[in-house]
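Student: Sending over a structure as structure tokens; questions will come in a sec.
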Amino acid sequence: RRIEGYAATFGTVANLGRFTETIAPGAFREALAGDVLAMLDHDPGKVLGRTRSGTLRLSEDSRGLAFSLDLPDTQAGRDVLALADRGDLGGMSFGFTVPKGGEAWQGNRRSLHRVGLREISIVQAWPAYPDTEIALRSLTAGAEASRRARRLILAEVGAWG
């Protein structure tokens, strides 16, 4: 009942319509000290975990914002588990604010150097960032766990004011 992967990756270009965006290494560092939620489709009525309770663990490494989420035994948690097992999840997203000085613009390209992370979301739609991933982790060991692990393309950027 654990989902693991990357909610965001560094250096990947996301085409957001009127502009493109990349995330610089270290952009999440300061935000990791706060309470961050995990949700389904950015819905505050479908909380899947949070850092404060220890059911969501976040870290930065050289690739991006890694997460490990213990899914709850709720309808939303069971839905995510079933969709992950079938390979049907659409992506990851994250809600954030940009503090003063946290971004740099060159024409229509934005680079995020610091973000105020509010939440990460498992989404059932299309990703904006193509290089993130999620894997279902089984509690059973060995070949069964490896066979059930699913990698999906994830991410969509959400900007919360």
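Every chain in the structure tokens has a letter given in the order shown (A, B, ...), and although residue numbers restart at 1 in each chain, ligands are simply numbered from 1 in the order shown.
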Quick one: which segment 39-124 of chain A residues come within 9 Å of segment 8-11 of chain A, and what is the nearest atom pair for each with the distance in Å to one decimal, counting only C-alpha atoms, rows ordered by chain and ascending number, as a tab-separated table?
Tutor:
```
residue	atom	partner	partner_atom	distance
A:Ser62	CA	A:Phe10	CA	7.8
A:Arg63	CA	A:Thr9	CA	5.7
A:Gly64	CA	A:Thr9	CA	4.1
A:Leu65	CA	A:Ala8	CA	5.1
A:Ala66	CA	A:Ala8	CA	7.5
A:Met92	CA	A:Ala8	CA	7.8
A:Ser93	CA	A:Ala8	CA	7.8
A:Phe94	CA	A:Ala8	CA	7.9
A:Ser111	CA	A:Gly11	CA	8.9
```
Student: According to DSSP computed on the backbone, where in segment 1-155 of chain A is there strand (DSSP E)? Give the residues as a PyMOL selection string.
Tutor: chain A and resi 2-9+14-15+20-23+37-40+43-50+56-60+64-70+91-97+103-106+109-112+116-123+133-137
Student: Give me every helix (DSSP H, G or I) residue in segment 49-81 of chain A, going by DSSP on the backbone, as a list in words.
Tutor: Gln75, Ala76, Gly77, Arg78, Asp79, Val80 and Leu81 of chain A
Student: Could those residues be written to a file, using N, CA, C and O atoms, as a PDB file, in the first residue's frame?
Tutor:
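Full text of again.pdb as output:
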```pdb
ATOM      1  N   GLN A  75     -11.638   5.282   0.540  1.00  0.00           N
ATOM      2  CA  GLN A  75     -12.039   5.073  -0.848  1.00  0.00           C
ATOM      3  C   GLN A  75     -11.008   5.656  -1.810  1.00  0.00           C
ATOM      4  O   GLN A  75     -10.626   5.010  -2.787  1.00  0.00           O
ATOM      5  N   ALA A  76     -10.522   6.869  -1.522  1.00  0.00           N
ATOM      6  CA  ALA A  76      -9.514   7.490  -2.394  1.00  0.00           C
ATOM      7  C   ALA A  76      -8.234   6.655  -2.418  1.00  0.00           C
ATOM      8  O   ALA A  76      -7.646   6.443  -3.484  1.00  0.00           O
ATOM      9  N   GLY A  77      -7.798   6.168  -1.264  1.00  0.00           N
ATOM     10  CA  GLY A  77      -6.600   5.346  -1.195  1.00  0.00           C
ATOM     11  C   GLY A  77      -6.760   4.039  -1.954  1.00  0.00           C
ATOM     12  O   GLY A  77      -5.846   3.609  -2.668  1.00  0.00           O
ATOM     13  N   ARG A  78      -7.911   3.400  -1.810  1.00  0.00           N
ATOM     14  CA  ARG A  78      -8.171   2.152  -2.535  1.00  0.00           C
ATOM     15  C   ARG A  78      -8.245   2.404  -4.037  1.00  0.00           C
ATOM     16  O   ARG A  78      -7.766   1.593  -4.835  1.00  0.00           O
ATOM     17  N   ASP A  79      -8.822   3.531  -4.437  1.00  0.00           N
ATOM     18  CA  ASP A  79      -8.892   3.880  -5.862  1.00  0.00           C
ATOM     19  C   ASP A  79      -7.495   4.055  -6.446  1.00  0.00           C
ATOM     20  O   ASP A  79      -7.193   3.543  -7.522  1.00  0.00           O
ATOM     21  N   VAL A  80      -6.642   4.788  -5.741  1.00  0.00           N
ATOM     22  CA  VAL A  80      -5.267   4.996  -6.216  1.00  0.00           C
ATOM     23  C   VAL A  80      -4.545   3.663  -6.328  1.00  0.00           C
ATOM     24  O   VAL A  80      -3.864   3.391  -7.317  1.00  0.00           O
ATOM     25  N   LEU A  81      -4.700   2.810  -5.335  1.00  0.00           N
ATOM     26  CA  LEU A  81      -4.052   1.502  -5.347  1.00  0.00           C
ATOM     27  C   LEU A  81      -4.512   0.682  -6.551  1.00  0.00           C
ATOM     28  O   LEU A  81      -3.692   0.101  -7.271  1.00  0.00           O
TER      29      LEU A  81
END
```
Student: How far is it from atom CA of His113 of chain A to atom CA of Gly17 of chain A, in Å with one decimal?
Tutor: 20.4 Å
Student: Would you mind telling me which residue in A:Ala31, A:Ile120, A:Leu69, A:Ala104 lies nearest to Ser53 of chain A when using only C-alpha atoms?
Tutor: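 Counting only C-alpha atoms, the residue closest to Ser53 of chain A is A:Leu69.
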Student: Could you please determine the separation between atom CA of Leu112 of chain A and atom CA of Glu21 of chain A in Å, to one decimal place?
Tutor: 7.4 Å
Student: In terms of the shortest atom-to-atom distance over only C-alpha atoms, which of A:Val47, A:His42, A:Ala27, A:Ala33 is closest to Val115 of chain A?
Tutor: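 For Val115 of chain A, the nearest of the candidates is A:Ala27.
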Student: Return the single residue from A:Ser59, A:Thr20, A:Ser68, A:Thr97 that is closest to Arg114 of chain A, with distances computed using only C-alpha atoms.
Tutor: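 The answer is A:Thr97, which sits nearest to Arg114 of chain A.
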Student: Would you compute the distance between atom CA of Ile122 of chain A and atom CA of Pro44 of chain A? Give it in Å to one decimal.
Tutor: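 One can read the atom CA of Ile122 of chain A to atom CA of Pro44 of chain A distance as 12.3 Å.
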Student: Between A:Arg109, A:Arg57, A:Arg118, A:Gly87, which one has atoms that come closest to Tyr6 of chain A, using only C-alpha atoms?
Tutor: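 Answer, going by the shortest atom-to-atom distance: A:Arg57.
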Student: Would you mind telling me which residue in A:Ala7, A:Leu56, A:Val123, A:Asp70 lies nearest to Val36 of chain A when using only C-alpha atoms?
Tutor: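 Residue with the minimum atom-to-atom distance to Val36 of chain A: A:Leu56.
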Student: For a quick check of understanding, using only C-alpha atoms, which of A:Phe96, A:Phe67, A:Trp105, A:Phe19 has the smallest distance to Leu117 of chain A?
Tutor: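 Using only C-alpha atoms, the shortest distance to Leu117 of chain A belongs to A:Phe96.
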